[in-house]
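First comes the structure, then the notes that go with it.
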Amino acid sequence: MHRIQALAVVRTALRVGMPMMILVACVMLLARQIPMDVVASLPQQLADISVLQWGLAVVLTLGSFFAVAQYDVQAHRTLGTGVPEGQARITGAVGIAIGQTVGFGLVSGALARWRMLPGMSVMQALKLSTLVSLTFVVAWACVTGLVSAVLPAPAWTIPLSVGAIALLPACAALLFWCPTLRIGRHAVPLPSLRIAGSILIWALADMALAAAALWVLLPPGTMAFEVLLPLFMVALGCGLMSNTPGGVGPFELILVSALPAGAGVEAGVLAAILAFRIVYYAAPACLAILAMLRPLPAVTKCHQAVPPWQALPRSEAQALRQNGGQVDPATSGSSAPIWPTSQTRTLFTDPQGRADTSVLTWLHCTARAHGRIPLLYKSGQRLAQVARRGGWAVLHIADDAIIDLAHYDIDTPLRRRLRRKLRAAQKAGITLRSDAPLPPQSAANVDAEWQAQCGSARGGSMGRYCQDYVLQQWVVSAYSGNELIGFATFHHGPSDWCLDIMRQGTDAPDGTMHALVHQALMDAKAMGCTRVSLASVTACPDPTSPMWRWAAQVAVRHAGGTGLRQFKSAFAPRWVPRYAAAPTWAGLVLGLADIARTVHTPDPLPNRMLEANANVAHHEDENYELASRSAA
């Protein structure tokens with residue numbers, strides 16, 4: 001126990017003492033390069049800086065801090081805190097002004113953000129500060145490496161440039177394929193590619209403006225701005241990572257050592273660095289301390305009533321109950337099923353109520369607020385036409401198999417294959433049960449057999465077997481004797497149903513799934529339903545499409561749905577086209593690729609659903625035998 005305490009004390013001492021050791025070492029190295037008479041003349045050199053130079057430096061510093069504040073805006077979007085952009089910018093500027101000046105930016109910045117936002121806990125502020133710090137370090141490495149490769153820079157920056165060229169695609173791949181960082185039981189969302197791009201742009205603007213603030217304070221003719229910029233970026237990053245107050249020591253050492261021969265010992269250069277510290281560090285820190293005396297008002301969130309899932313025009317949207325979706329109020333008199341993925345803010349199926357340009361405007365705004373791509377997915381023809389007229393990229397991605405129950409008759413020539421399948425199931429002696437409780441363990445076994453034969457269950461727009469989820473659906477099950485051999489589940493709404501989960505065991509006879517779906521169609525018709533969707537299948541690719549349309553088709557094909565057209569064609573459905581749309585073709589291709597990734601590698605089911613599933617399974621195991629007898 002004492003040994004553990006001693007190790008903790010040593011680690012704390014190193015963490016606190018290391019920045020001071022770095023500072024002392026840098027001061028000693030600088031003392032060897034700068035004569036004392038140069039240091040003695042600093043007050044006069046400061047006085048020689050003109051009012052115009054001071055004014056330009058102040059203006060450039062304001063621009064740099066506006067860019068700095070955007071880091072927090074992007075972090076709040078990533079974490080979904082709901083803090084308005086204005087407040088995020090203010091707290092970001094305050095937190096970074098305090099953190100970069102006093103050192104230990106992770107902790108000091110977190111405390112400043114916690115103080116400024118009354119509704120934020122200390123852990124949330126620390127999480128936010130950590131995300132800002134990590135994203136800045138990565139953005140600094142990428143931007144500094146690229147700038148050093150393009151502009152004149154010392155030879156020792158070549159490894160940084162090579163690393164940046166390799167780091168950019170690696171980070172992009174990581175953010176796309178692993179959008180959530182899982183540490184034990186904690187899941188930390190990573191920035192979307194759109195947010196990451198914004199961070200890179202703001203990082204470049206921030207450092208370029210800060211370098212310009214130093215450049216205008218230098219004596220005229222000291223060096224060109226394109227020479228100073230890469231040196232400044234390297235010095236700034238090393239100073240911040242040293243955790244010394246304001247980066248003092250490493251920042252000056254790198255700049256003075258890399259300046260042209262003779263310039264590093266001039267008092268004017270040191271005076272410019274000192275003036276820069278006053279304008280860029282001391283003044284913002286003082287203003288930040290004053291701002292912390294009066295925290296920002298807490299944000300009051302207004303909750304607008306939205307219709308339940310069953311009130312949406314297409315019951316297929318209920319699949320999002322399992323996959324993080326929600327019904328959001330889109331416009332006046334309109335609500336929309338929203339599916340948030342790592343790269344998109346997707347309107348899944350059609351909105352309830354109005355389907356006009358106001359819905360697209362709302363979707364674009366809400367996607368921007370979350371740093372995501374606005375995407376329509378499986379929308380109807382009417383909304384797709386509105387999007388096309390609005391200049392959006394629109395793609396026919398799927399065909400929905402619709403059964404109009406008023407005209408559903410198996411004794412038609414188009415359904416002769418269905419009749420053969422139903423006769424095969426009848427000869428096999430299977431028994432069908434409608435809306436009867438599934439035996440939890442047997443249903444789980446059938447699901448496991450199906451996954452072993454067909455591959456892992458897909459998610460996203462497709463449901464995965466879960467007792468809590470299935471309990472809210474219409475379920476038709478098939479038995480051979482008393483053994484469950486297959487089941488099919490349907491979302492049900494007031495006027496339409498939609499096929500969701502289809503599972504059958506390895507011993508299920510031919511025609512089992514056809515019989516399950518046919519039985520559900522009869523149930524829906526008896527309950528007054530007018531149409532049933534057998535869900536969609538991938539649309540046939542257009543051979544005349546350009547390459548980017550082909551890429552989008554490939555993304556949709558990998559999202560699932562292929563191979564089912566023949567099965568659904570046995571019911572002679574009416575094929576209704578479904579569309580995807582985004583403001584640009586690049587956004588559409590990226591959005592569909594993200595949908596495909598989400599479908600093939602879905603996130604784990606929510607804890608609430610897993611806990612409810614365990615409770616349901618426990619109670620149903622006790623009551624299943626009685627319920628089964630009643631259903632029979």
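Ligands are numbered from 1 in the order shown, residues from 1 within each chain, and chains are lettered A, B, ... in the order they appear in the structure tokens.
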
Check the DSSP output for the backbone and give back, as an mmCIF file with N, CA and C atoms, in the first residue's frame, the residues of range 117-228 of chain A in strand (DSSP E or B).
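Contents of states-v6.cif, freshly written:
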data_model
loop_
_atom_site.group_PDB
_atom_site.id
_atom_site.type_symbol
_atom_site.label_atom_id
_atom_site.label_comp_id
_atom_site.auth_asym_id
_atom_site.auth_seq_id
_atom_site.Cartn_x
_atom_site.Cartn_y
_atom_site.Cartn_z
ATOM 1 N N THR A 180 -16.334 5.420 -32.963
ATOM 2 C CA THR A 180 -16.490 5.470 -31.511
ATOM 3 C C THR A 180 -15.310 4.778 -30.857
ATOM 4 N N LEU A 181 -14.652 5.472 -29.943
ATOM 5 C CA LEU A 181 -13.530 4.901 -29.200
ATOM 6 C C LEU A 181 -14.069 4.281 -27.920
ATOM 7 N N ARG A 182 -13.848 2.980 -27.760
ATOM 8 C CA ARG A 182 -14.365 2.267 -26.592
ATOM 9 C C ARG A 182 -13.225 1.956 -25.634
ATOM 10 N N ILE A 183 -13.351 2.502 -24.424
ATOM 11 C CA ILE A 183 -12.370 2.276 -23.368
ATOM 12 C C ILE A 183 -13.101 1.615 -22.214
ATOM 13 N N HIS A 186 -16.756 2.534 -21.332
ATOM 14 C CA HIS A 186 -17.033 3.889 -21.794
ATOM 15 C C HIS A 186 -16.874 3.970 -23.307
ATOM 16 N N ALA A 187 -17.789 4.676 -23.941
ATOM 17 C CA ALA A 187 -17.750 4.899 -25.386
ATOM 18 C C ALA A 187 -17.590 6.395 -25.633
ATOM 19 N N VAL A 188 -16.503 6.760 -26.296
ATOM 20 C CA VAL A 188 -16.210 8.164 -26.578
ATOM 21 C C VAL A 188 -16.369 8.395 -28.077
ATOM 22 N N PRO A 189 -17.336 9.229 -28.488
ATOM 23 C CA PRO A 189 -17.496 9.486 -29.932
ATOM 24 C C PRO A 189 -16.326 10.291 -30.471
#

Discussion item. For Leu190 in chain A, find every residue with an atom within 9 Å (counting only C-alpha atoms), except residues of its own chain fewer than 2 positions away, and show them as JSON, numbers by chain.
Written reply: {"A": [78, 79, 131, 175, 178, 179, 180, 181, 188, 192, 342]}

Practice prompt. Excluding Trp156 in chain A and any residue of its chain fewer than 6 positions from it, enumerate the residues within 12 Å of it, using only C-alpha atoms, and give them as number ranges by chain.
Written response: A: 145, 148-149, 162, 230-231, 234, 254, 258

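In this structure, CA of Pro583 in chain A sits 10.6 Å away from CA of Leu363 in chain A.
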
Item to complete: Return as a PyMOL selection string the full set of residues in range 157-361 of chain A whose backbone-based DSSP assignment is alpha helix (DSSP H).
Response: chain A and resi 158-177+193-215+225-242+250-258+267-277+283-292+357-361

Practice prompt. Figure out the distance between CA of Arg89 in chain A and CA of Gly587 in chain A, please, to one decimal in Å.
Written response: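 Going from CA of Gly587 in chain A over to CA of Arg89 in chain A covers 26.8 Å.
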
Practice prompt. Considering only C-alpha atoms, state which residue in the set A:Phe65, A:Trp114, A:Phe276, A:Trp497 is at the smallest distance from Glu252 in chain A.
Written response: A:Phe276

Fill in: Best match for closeness to Asp496 in chain A among A:Gln453, A:Ser121, A:Gln566, A:Thr530, counting only C-alpha atoms
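Closest to Asp496 in chain A of all the choices is A:Thr530.
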
Item to complete: Pick out the closest residue to Leu564 in chain A from this set: A:Thr598, A:Asp400, A:Ala112, A:Tyr281. Count only C-alpha atoms.
Response: A:Asp400

Item to complete: Between CA of Ala272 in chain A and CA of Gly99 in chain A, measure the distance and give it in Å to one decimal.
Response: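 CA of Gly99 in chain A lies at a distance of 22.3 Å from CA of Ala272 in chain A.
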
Item to complete: Extract, using only C-alpha atoms, all DNA, RNA and protein residues at most 12 Å from Gly391 in chain A, discarding same-chain residues fewer than 3 positions from it, and format them as number ranges by chain.
Response: A: 357, 360, 384-388, 394, 581-585

Grab the residues selected above and save them as a PDB file, in the first residue's frame with N, CA and C atoms.
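Listed below is the output, out36.pdb:
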ATOM      1  N   THR A 357     -39.673  21.804 -49.550  1.00  0.00           N
ATOM      2  CA  THR A 357     -38.319  22.335 -49.380  1.00  0.00           C
ATOM      3  C   THR A 357     -38.019  22.712 -47.929  1.00  0.00           C
ATOM      4  N   LEU A 360     -36.183  19.904 -46.313  1.00  0.00           N
ATOM      5  CA  LEU A 360     -34.776  19.836 -46.708  1.00  0.00           C
ATOM      6  C   LEU A 360     -33.955  20.914 -46.014  1.00  0.00           C
ATOM      7  N   ALA A 384     -38.120  13.021 -53.212  1.00  0.00           N
ATOM      8  CA  ALA A 384     -36.956  12.943 -54.093  1.00  0.00           C
ATOM      9  C   ALA A 384     -37.044  13.997 -55.198  1.00  0.00           C
ATOM     10  N   GLN A 385     -38.231  14.213 -55.739  1.00  0.00           N
ATOM     11  CA  GLN A 385     -38.402  15.237 -56.771  1.00  0.00           C
ATOM     12  C   GLN A 385     -38.155  16.632 -56.198  1.00  0.00           C
ATOM     13  N   VAL A 386     -38.612  16.867 -54.964  1.00  0.00           N
ATOM     14  CA  VAL A 386     -38.350  18.161 -54.310  1.00  0.00           C
ATOM     15  C   VAL A 386     -36.848  18.361 -54.140  1.00  0.00           C
ATOM     16  N   ALA A 387     -36.142  17.295 -53.731  1.00  0.00           N
ATOM     17  CA  ALA A 387     -34.700  17.393 -53.547  1.00  0.00           C
ATOM     18  C   ALA A 387     -33.990  17.642 -54.879  1.00  0.00           C
ATOM     19  N   ARG A 388     -34.418  16.970 -55.939  1.00  0.00           N
ATOM     20  CA  ARG A 388     -33.782  17.154 -57.249  1.00  0.00           C
ATOM     21  C   ARG A 388     -33.993  18.594 -57.749  1.00  0.00           C
ATOM     22  N   VAL A 394     -29.519  13.054 -56.313  1.00  0.00           N
ATOM     23  CA  VAL A 394     -30.564  12.064 -56.021  1.00  0.00           C
ATOM     24  C   VAL A 394     -30.231  10.766 -56.739  1.00  0.00           C
ATOM     25  N   ALA A 581     -30.638  10.900 -51.204  1.00  0.00           N
ATOM     26  CA  ALA A 581     -30.286  12.225 -51.708  1.00  0.00           C
ATOM     27  C   ALA A 581     -29.425  12.949 -50.687  1.00  0.00           C
ATOM     28  N   ALA A 582     -28.541  13.784 -51.195  1.00  0.00           N
ATOM     29  CA  ALA A 582     -27.680  14.639 -50.379  1.00  0.00           C
ATOM     30  C   ALA A 582     -27.385  15.903 -51.175  1.00  0.00           C
ATOM     31  N   PRO A 583     -26.933  16.964 -50.525  1.00  0.00           N
ATOM     32  CA  PRO A 583     -26.682  18.215 -51.255  1.00  0.00           C
ATOM     33  C   PRO A 583     -25.645  18.090 -52.363  1.00  0.00           C
ATOM     34  N   THR A 584     -24.669  17.166 -52.225  1.00  0.00           N
ATOM     35  CA  THR A 584     -23.635  16.978 -53.251  1.00  0.00           C
ATOM     36  C   THR A 584     -23.462  15.494 -53.527  1.00  0.00           C
ATOM     37  N   TRP A 585     -22.869  15.184 -54.698  1.00  0.00           N
ATOM     38  CA  TRP A 585     -22.621  13.779 -55.010  1.00  0.00           C
ATOM     39  C   TRP A 585     -21.552  13.195 -54.101  1.00  0.00           C
TER      40      TRP A 585
END

Worksheet item: Leaving out Val73 in chain A and any residue of its chain fewer than 5 positions from it, which residues lie within 10 Å of it when counting only C-alpha atoms, given as a PyMOL selection string?
Response: chain A and resi 68+78+83-92+132+195+199+369-371

Practice prompt. Find the residue from A:Pro439, A:Ile430, A:Thr135, A:Leu62 that sits nearest to Ala75 in chain A; use only C-alpha atoms when measuring.
Written response: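 Closest candidate: A:Thr135.
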
Practice prompt. Give the answer as one residue: which of A:Val138, A:Leu106, A:Ala593, A:Val58 has the shortest atom-to-atom distance to Thr344 in chain A, using only C-alpha atoms?
Written response: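 Looking only at the distances to Thr344 in chain A, the closest residue turns out to be A:Ala593.
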
Discussion item. I want to know what sits within 12 Å of Ser50 in chain A, based on only C-alpha atoms, with residues of the same chain fewer than 6 positions away left out; could you give that as a ChimeraX atom specification?
Written reply: /A:56-57,216-220,272,275

Do a neighbour search on Leu134 in chain A at 12 Å with only C-alpha atoms, toss out local chain neighbours closer than 6 positions, and write the hits as a CSV table (one decimal) with all heavy atoms, in the first residue's frame.
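Output below, filename out_31.csv:
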chain,number,residue,atom,x,y,z
A,71,TYR,N,-12.7,25.3,-32.1
A,71,TYR,CA,-12.4,23.9,-31.6
A,71,TYR,C,-13.5,23.4,-30.7
A,71,TYR,O,-13.9,22.3,-30.7
A,71,TYR,CB,-11.1,23.9,-30.9
A,71,TYR,CG,-9.9,24.3,-31.7
A,71,TYR,CD1,-8.8,24.9,-31.1
A,71,TYR,CD2,-9.8,24.1,-33.1
A,71,TYR,CE1,-7.6,25.3,-31.9
A,71,TYR,CE2,-8.7,24.5,-33.9
A,71,TYR,CZ,-7.6,25.1,-33.2
A,71,TYR,OH,-6.5,25.5,-34.0
A,72,ASP,N,-13.9,24.3,-29.8
A,72,ASP,CA,-15.0,24.0,-28.8
A,72,ASP,C,-16.3,23.7,-29.5
A,72,ASP,O,-17.1,22.9,-29.1
A,72,ASP,CB,-15.1,25.0,-27.7
A,72,ASP,CG,-14.1,24.8,-26.6
A,72,ASP,OD1,-12.9,24.8,-26.8
A,72,ASP,OD2,-14.6,24.5,-25.5
A,75,ALA,N,-16.1,20.4,-30.9
A,75,ALA,CA,-16.2,19.4,-29.8
A,75,ALA,C,-17.5,19.2,-29.2
A,75,ALA,O,-18.0,18.1,-28.9
A,75,ALA,CB,-15.2,19.8,-28.7
A,105,GLY,N,-2.8,22.8,-19.7
A,105,GLY,CA,-4.0,23.2,-20.4
A,105,GLY,C,-5.2,22.2,-20.2
A,105,GLY,O,-6.3,22.7,-20.2
A,106,LEU,N,-4.9,20.9,-20.1
A,106,LEU,CA,-6.0,20.0,-20.0
A,106,LEU,C,-6.8,20.2,-18.7
A,106,LEU,O,-8.1,20.3,-18.8
A,106,LEU,CB,-5.4,18.5,-19.9
A,106,LEU,CG,-6.4,17.4,-20.1
A,106,LEU,CD1,-7.0,17.5,-21.5
A,106,LEU,CD2,-5.7,16.1,-19.9
A,127,LYS,N,-13.9,16.0,-20.2
A,127,LYS,CA,-14.0,15.2,-21.4
A,127,LYS,C,-13.9,16.1,-22.6
A,127,LYS,O,-13.2,15.9,-23.6
A,127,LYS,CB,-15.4,14.5,-21.4
A,127,LYS,CG,-15.5,13.4,-22.5
A,127,LYS,CD,-16.9,12.9,-22.4
A,127,LYS,CE,-17.0,11.4,-22.8
A,127,LYS,NZ,-18.3,10.8,-22.7
A,128,LEU,N,-14.6,17.3,-22.5
A,128,LEU,CA,-14.6,18.3,-23.6
A,128,LEU,C,-13.2,18.8,-23.8
A,128,LEU,O,-12.7,18.9,-24.9
A,128,LEU,CB,-15.5,19.4,-23.2
A,128,LEU,CG,-15.7,20.5,-24.3
A,128,LEU,CD1,-16.4,20.0,-25.5
A,128,LEU,CD2,-16.5,21.7,-23.7
A,140,TRP,N,-2.6,20.0,-35.4
A,140,TRP,CA,-1.3,20.7,-35.5
A,140,TRP,C,-0.3,19.9,-36.3
A,140,TRP,O,0.4,20.4,-37.1
A,140,TRP,CB,-0.8,21.0,-34.1
A,140,TRP,CG,0.6,21.4,-34.1
A,140,TRP,CD1,1.1,22.7,-34.3
A,140,TRP,CD2,1.8,20.6,-33.8
A,140,TRP,NE1,2.5,22.7,-34.2
A,140,TRP,CE2,2.9,21.4,-33.9
A,140,TRP,CE3,1.9,19.2,-33.5
A,140,TRP,CZ2,4.2,20.9,-33.8
A,140,TRP,CZ3,3.2,18.7,-33.4
A,140,TRP,CH2,4.3,19.6,-33.5
A,141,ALA,N,-0.2,18.6,-35.9
A,141,ALA,CA,0.8,17.7,-36.6
A,141,ALA,C,0.5,17.6,-38.1
A,141,ALA,O,1.4,17.8,-38.9
A,141,ALA,CB,0.7,16.3,-36.0
A,190,LEU,N,-15.9,9.9,-31.7
A,190,LEU,CA,-14.8,10.7,-32.3
A,190,LEU,C,-15.4,11.6,-33.4
A,190,LEU,O,-16.6,11.4,-33.8
A,190,LEU,CB,-13.9,9.7,-33.0
A,190,LEU,CG,-13.1,8.7,-32.1
A,190,LEU,CD1,-12.2,7.8,-32.9
A,190,LEU,CD2,-12.3,9.5,-31.1
A,191,PRO,N,-14.7,12.7,-33.8
A,191,PRO,CA,-15.3,13.6,-34.7
A,191,PRO,C,-15.6,12.9,-36.0
A,191,PRO,O,-15.0,12.0,-36.5
A,191,PRO,CB,-14.2,14.6,-34.9
A,191,PRO,CG,-13.3,14.5,-33.7
A,191,PRO,CD,-13.4,13.1,-33.3
A,196,ALA,N,-13.8,16.8,-38.6
A,196,ALA,CA,-12.4,16.8,-38.7
A,196,ALA,C,-11.8,17.7,-39.8
A,196,ALA,O,-10.8,18.4,-39.6
A,196,ALA,CB,-11.9,15.3,-39.0
A,199,ILE,N,-12.0,21.2,-38.4
A,199,ILE,CA,-10.9,21.4,-37.4
A,199,ILE,C,-9.6,21.7,-38.1
A,199,ILE,O,-8.8,22.6,-37.6
A,199,ILE,CB,-10.8,20.2,-36.4
A,199,ILE,CG1,-12.0,20.1,-35.5
A,199,ILE,CG2,-9.5,20.3,-35.6
A,199,ILE,CD1,-12.1,18.8,-34.7
A,240,LEU,N,3.3,24.2,-26.5
A,240,LEU,CA,2.0,23.8,-25.9
A,240,LEU,C,2.2,22.4,-25.3
A,240,LEU,O,1.7,22.1,-24.2
A,240,LEU,CB,0.9,23.8,-26.9
A,240,LEU,CG,0.4,25.2,-27.3
A,240,LEU,CD1,-0.7,25.1,-28.3
A,240,LEU,CD2,-0.1,26.0,-26.1
A,241,MET,N,2.9,21.5,-26.0
A,241,MET,CA,3.1,20.1,-25.5
A,241,MET,C,4.1,20.0,-24.4
A,241,MET,O,4.1,19.0,-23.6
A,241,MET,CB,3.5,19.2,-26.7
A,241,MET,CG,2.4,18.9,-27.7
A,241,MET,SD,2.9,17.7,-28.9
A,241,MET,CE,3.9,18.7,-30.0
